[in-house]
>>> print(open('upload39.pdb').read())   # PDB, C-alpha atoms
MODEL        1
ATOM      1  CA  MET W 710      32.641 -89.979 -98.583
ATOM      2  CA  ILE W 711      29.339 -90.335 -96.765
ATOM      3  CA  SER W 712      29.280 -89.452 -93.071
ATOM      4  CA  ALA W 713      28.533 -92.071 -90.436
ATOM      5  CA  HIS W 714      25.519 -90.105 -89.204
ATOM      6  CA  LEU W 715      23.987 -89.896 -92.676
ATOM      7  CA  LEU W 716      24.615 -93.619 -93.232
ATOM      8  CA  ALA W 717      22.917 -94.468 -89.925
ATOM      9  CA  VAL W 718      19.894 -92.327 -90.814
ATOM     10  CA  TYR W 719      19.672 -94.012 -94.213
ATOM     11  CA  ILE W 720      19.841 -97.519 -92.720
ATOM     12  CA  VAL W 721      17.128 -96.725 -90.159
ATOM     13  CA  ALA W 722      14.894 -95.226 -92.858
ATOM     14  CA  ALA W 723      15.436 -98.197 -95.175
ATOM     15  CA  LEU W 724      14.626-100.674 -92.415
ATOM     16  CA  PHE W 725      11.478 -98.753 -91.544
ATOM     17  CA  VAL W 726      10.286 -98.787 -95.143
ATOM     18  CA  VAL W 727      11.124-102.457 -95.704
ATOM     19  CA  CYS W 728       9.985-103.868 -92.349
ATOM     20  CA  ALA W 729       7.325-101.564 -90.971
ATOM     21  CA  VAL W 730       5.297-100.795 -94.076
ATOM     22  CA  PRO W 731       3.597-103.966 -95.280
ATOM     23  CA  GLY W 732       3.171-104.411 -98.976
ATOM     24  CA  PRO W 733       0.432-106.153-100.926
ATOM     25  CA  ASP W 734       2.086-109.553-100.406
ATOM     26  CA  MET W 735       1.958-109.197 -96.632
ATOM     27  CA  VAL W 736      -1.630-107.996 -96.749
ATOM     28  CA  LEU W 737      -2.624-111.039 -98.834
ATOM     29  CA  VAL W 738      -0.909-113.458 -96.443
ATOM     30  CA  LEU W 739      -2.467-111.806 -93.381
ATOM     31  CA  GLN W 740      -5.929-111.706 -94.953
ATOM     32  CA  THR W 741      -5.703-115.344 -96.016
ATOM     33  CA  SER W 742      -4.393-116.448 -92.617
ATOM     34  CA  ILE W 743      -7.112-114.610 -90.709
ATOM     35  CA  GLY W 744      -9.924-115.713 -93.004
ATOM     36  CA  ARG W 745      -8.951-119.292 -93.791
ATOM     37  CA  GLY W 746      -6.409-120.344 -91.174
ATOM     38  CA  MET W 747      -2.714-120.834 -90.744
ATOM     39  CA  ARG W 748      -2.350-123.610 -93.318
ATOM     40  CA  SER W 749      -3.848-121.469 -96.081
ATOM     41  CA  GLY W 750      -1.648-118.549 -94.992
ATOM     42  CA  PHE W 751       1.457-120.700 -95.357
ATOM     43  CA  ALA W 752       0.240-121.854 -98.767
ATOM     44  CA  ALA W 753      -0.254-118.243 -99.870
ATOM     45  CA  ALA W 754       3.215-117.282 -98.615
ATOM     46  CA  GLY W 755       4.749-120.275-100.393
ATOM     47  CA  GLY W 756       2.965-119.407-103.623
ATOM     48  CA  LEU W 757       4.151-115.816-103.441
ATOM     49  CA  GLY W 758       7.715-116.976-102.809
ATOM     50  CA  LEU W 759       7.575-119.402-105.723
ATOM     51  CA  ALA W 760       6.199-116.715-108.023
ATOM     52  CA  ARG W 761       8.943-114.291-106.992
ATOM     53  CA  ALA W 762      11.651-116.926-107.490
ATOM     54  CA  THR W 763      10.275-117.771-110.939
ATOM     55  CA  HIS W 764      10.163-114.115-111.932
ATOM     56  CA  VAL W 765      13.747-113.518-110.750
ATOM     57  CA  THR W 766      14.968-116.618-112.591
ATOM     58  CA  LEU W 767      13.247-115.622-115.830
ATOM     59  CA  SER W 768      14.619-112.074-115.467
ATOM     60  CA  ALA W 769      18.125-113.421-115.066
ATOM     61  CA  CYS W 770      17.665-115.493-118.230
ATOM     62  CA  GLY W 771      16.419-112.464-120.142
ATOM     63  CA  ALA W 772      12.941-113.867-120.747
ATOM     64  CA  VAL W 773      10.979-111.195-118.872
ATOM     65  CA  ALA W 774      10.163-108.001-120.741
TER      66      ALA W 774
ENDMDL
END
>>> encode(input="upload39.pdb", output="structure tokens")
Amino acid sequence: MISAHLLAVYIVAALFVVCAVPGPDMVLVLQTSIGRGMRSGFAAAGGLGLARATHVTLSACGAVA
């Protein structure tokens, strides 16, 4: 069984990696928002979300290699 201390350290580390370290998607949304405005930033975020949802759906159907 995993100790409570080790579990707490793992959760903090996972949250730091997921929340504090921006990935390429976040960089694209920030760059688009700063350069072109809030509306374009929302459009970029929506497009990224739609692309991710499509990829997950196709993976679940077995169509993605």
>>> atom_distance(input="upload39.pdb", atom1="atom CA of Gly755 of chain W", atom2="atom CA of Pro733 of chain W")
14.8 Å
>>> atom_distance(input="upload39.pdb", atom1="atom CA of Leu767 of chain W", atom2="atom CA of Leu737 of chain W")
23.7 Å
>>> atom_distance(input="upload39.pdb", atom1="atom CA of Leu757 of chain W", atom2="atom CA of Asp734 of chain W")
7.3 Å
>>> residues_around(input="upload39.pdb", residues="Ala754 of chain W", least_positions_apart="4", cutoff="7 Å", atoms="all atoms listed in the file", output="PyMOL selection string")
chain W and resi 738+750+758
>>> build_atoms(input="upload39.pdb", residues="segment 717-728 of chain W", atoms="N, CA and C atoms", output="mmCIF file, in the coordinates of the input")
data_model
loop_
_atom_site.group_PDB
_atom_site.id
_atom_site.type_symbol
_atom_site.label_atom_id
_atom_site.label_comp_id
_atom_site.auth_asym_id
_atom_site.auth_seq_id
_atom_site.Cartn_x
_atom_site.Cartn_y
_atom_site.Cartn_z
ATOM 1 N N ALA W 717 23.798 -93.902 -90.952
ATOM 2 C CA ALA W 717 22.917 -94.468 -89.925
ATOM 3 C C ALA W 717 21.468 -94.049 -90.154
ATOM 4 N N VAL W 718 21.245 -92.798 -90.524
ATOM 5 C CA VAL W 718 19.894 -92.327 -90.814
ATOM 6 C C VAL W 718 19.313 -93.076 -92.005
ATOM 7 N N TYR W 719 20.124 -93.284 -93.029
ATOM 8 C CA TYR W 719 19.672 -94.012 -94.213
ATOM 9 C C TYR W 719 19.296 -95.450 -93.861
ATOM 10 N N ILE W 720 20.106 -96.121 -93.082
ATOM 11 C CA ILE W 720 19.841 -97.519 -92.720
ATOM 12 C C ILE W 720 18.549 -97.617 -91.904
ATOM 13 N N VAL W 721 18.353 -96.710 -90.954
ATOM 14 C CA VAL W 721 17.128 -96.725 -90.159
ATOM 15 C C VAL W 721 15.909 -96.477 -91.039
ATOM 16 N N ALA W 722 16.011 -95.515 -91.956
ATOM 17 C CA ALA W 722 14.894 -95.226 -92.858
ATOM 18 C C ALA W 722 14.601 -96.406 -93.767
ATOM 19 N N ALA W 723 15.632 -97.047 -94.290
ATOM 20 C CA ALA W 723 15.436 -98.197 -95.175
ATOM 21 C C ALA W 723 14.792 -99.356 -94.426
ATOM 22 N N LEU W 724 15.235 -99.603 -93.208
ATOM 23 C CA LEU W 724 14.626 -100.674 -92.415
ATOM 24 C C LEU W 724 13.175 -100.377 -92.096
ATOM 25 N N PHE W 725 12.859 -99.121 -91.815
ATOM 26 C CA PHE W 725 11.478 -98.753 -91.544
ATOM 27 C C PHE W 725 10.604 -99.011 -92.763
ATOM 28 N N VAL W 726 11.076 -98.613 -93.922
ATOM 29 C CA VAL W 726 10.286 -98.787 -95.143
ATOM 30 C C VAL W 726 10.125 -100.268 -95.467
ATOM 31 N N VAL W 727 11.183 -101.039 -95.335
ATOM 32 C CA VAL W 727 11.124 -102.457 -95.704
ATOM 33 C C VAL W 727 10.348 -103.272 -94.679
ATOM 34 N N CYS W 728 10.564 -103.020 -93.397
ATOM 35 C CA CYS W 728 9.985 -103.868 -92.349
ATOM 36 C C CYS W 728 8.657 -103.375 -91.804
#
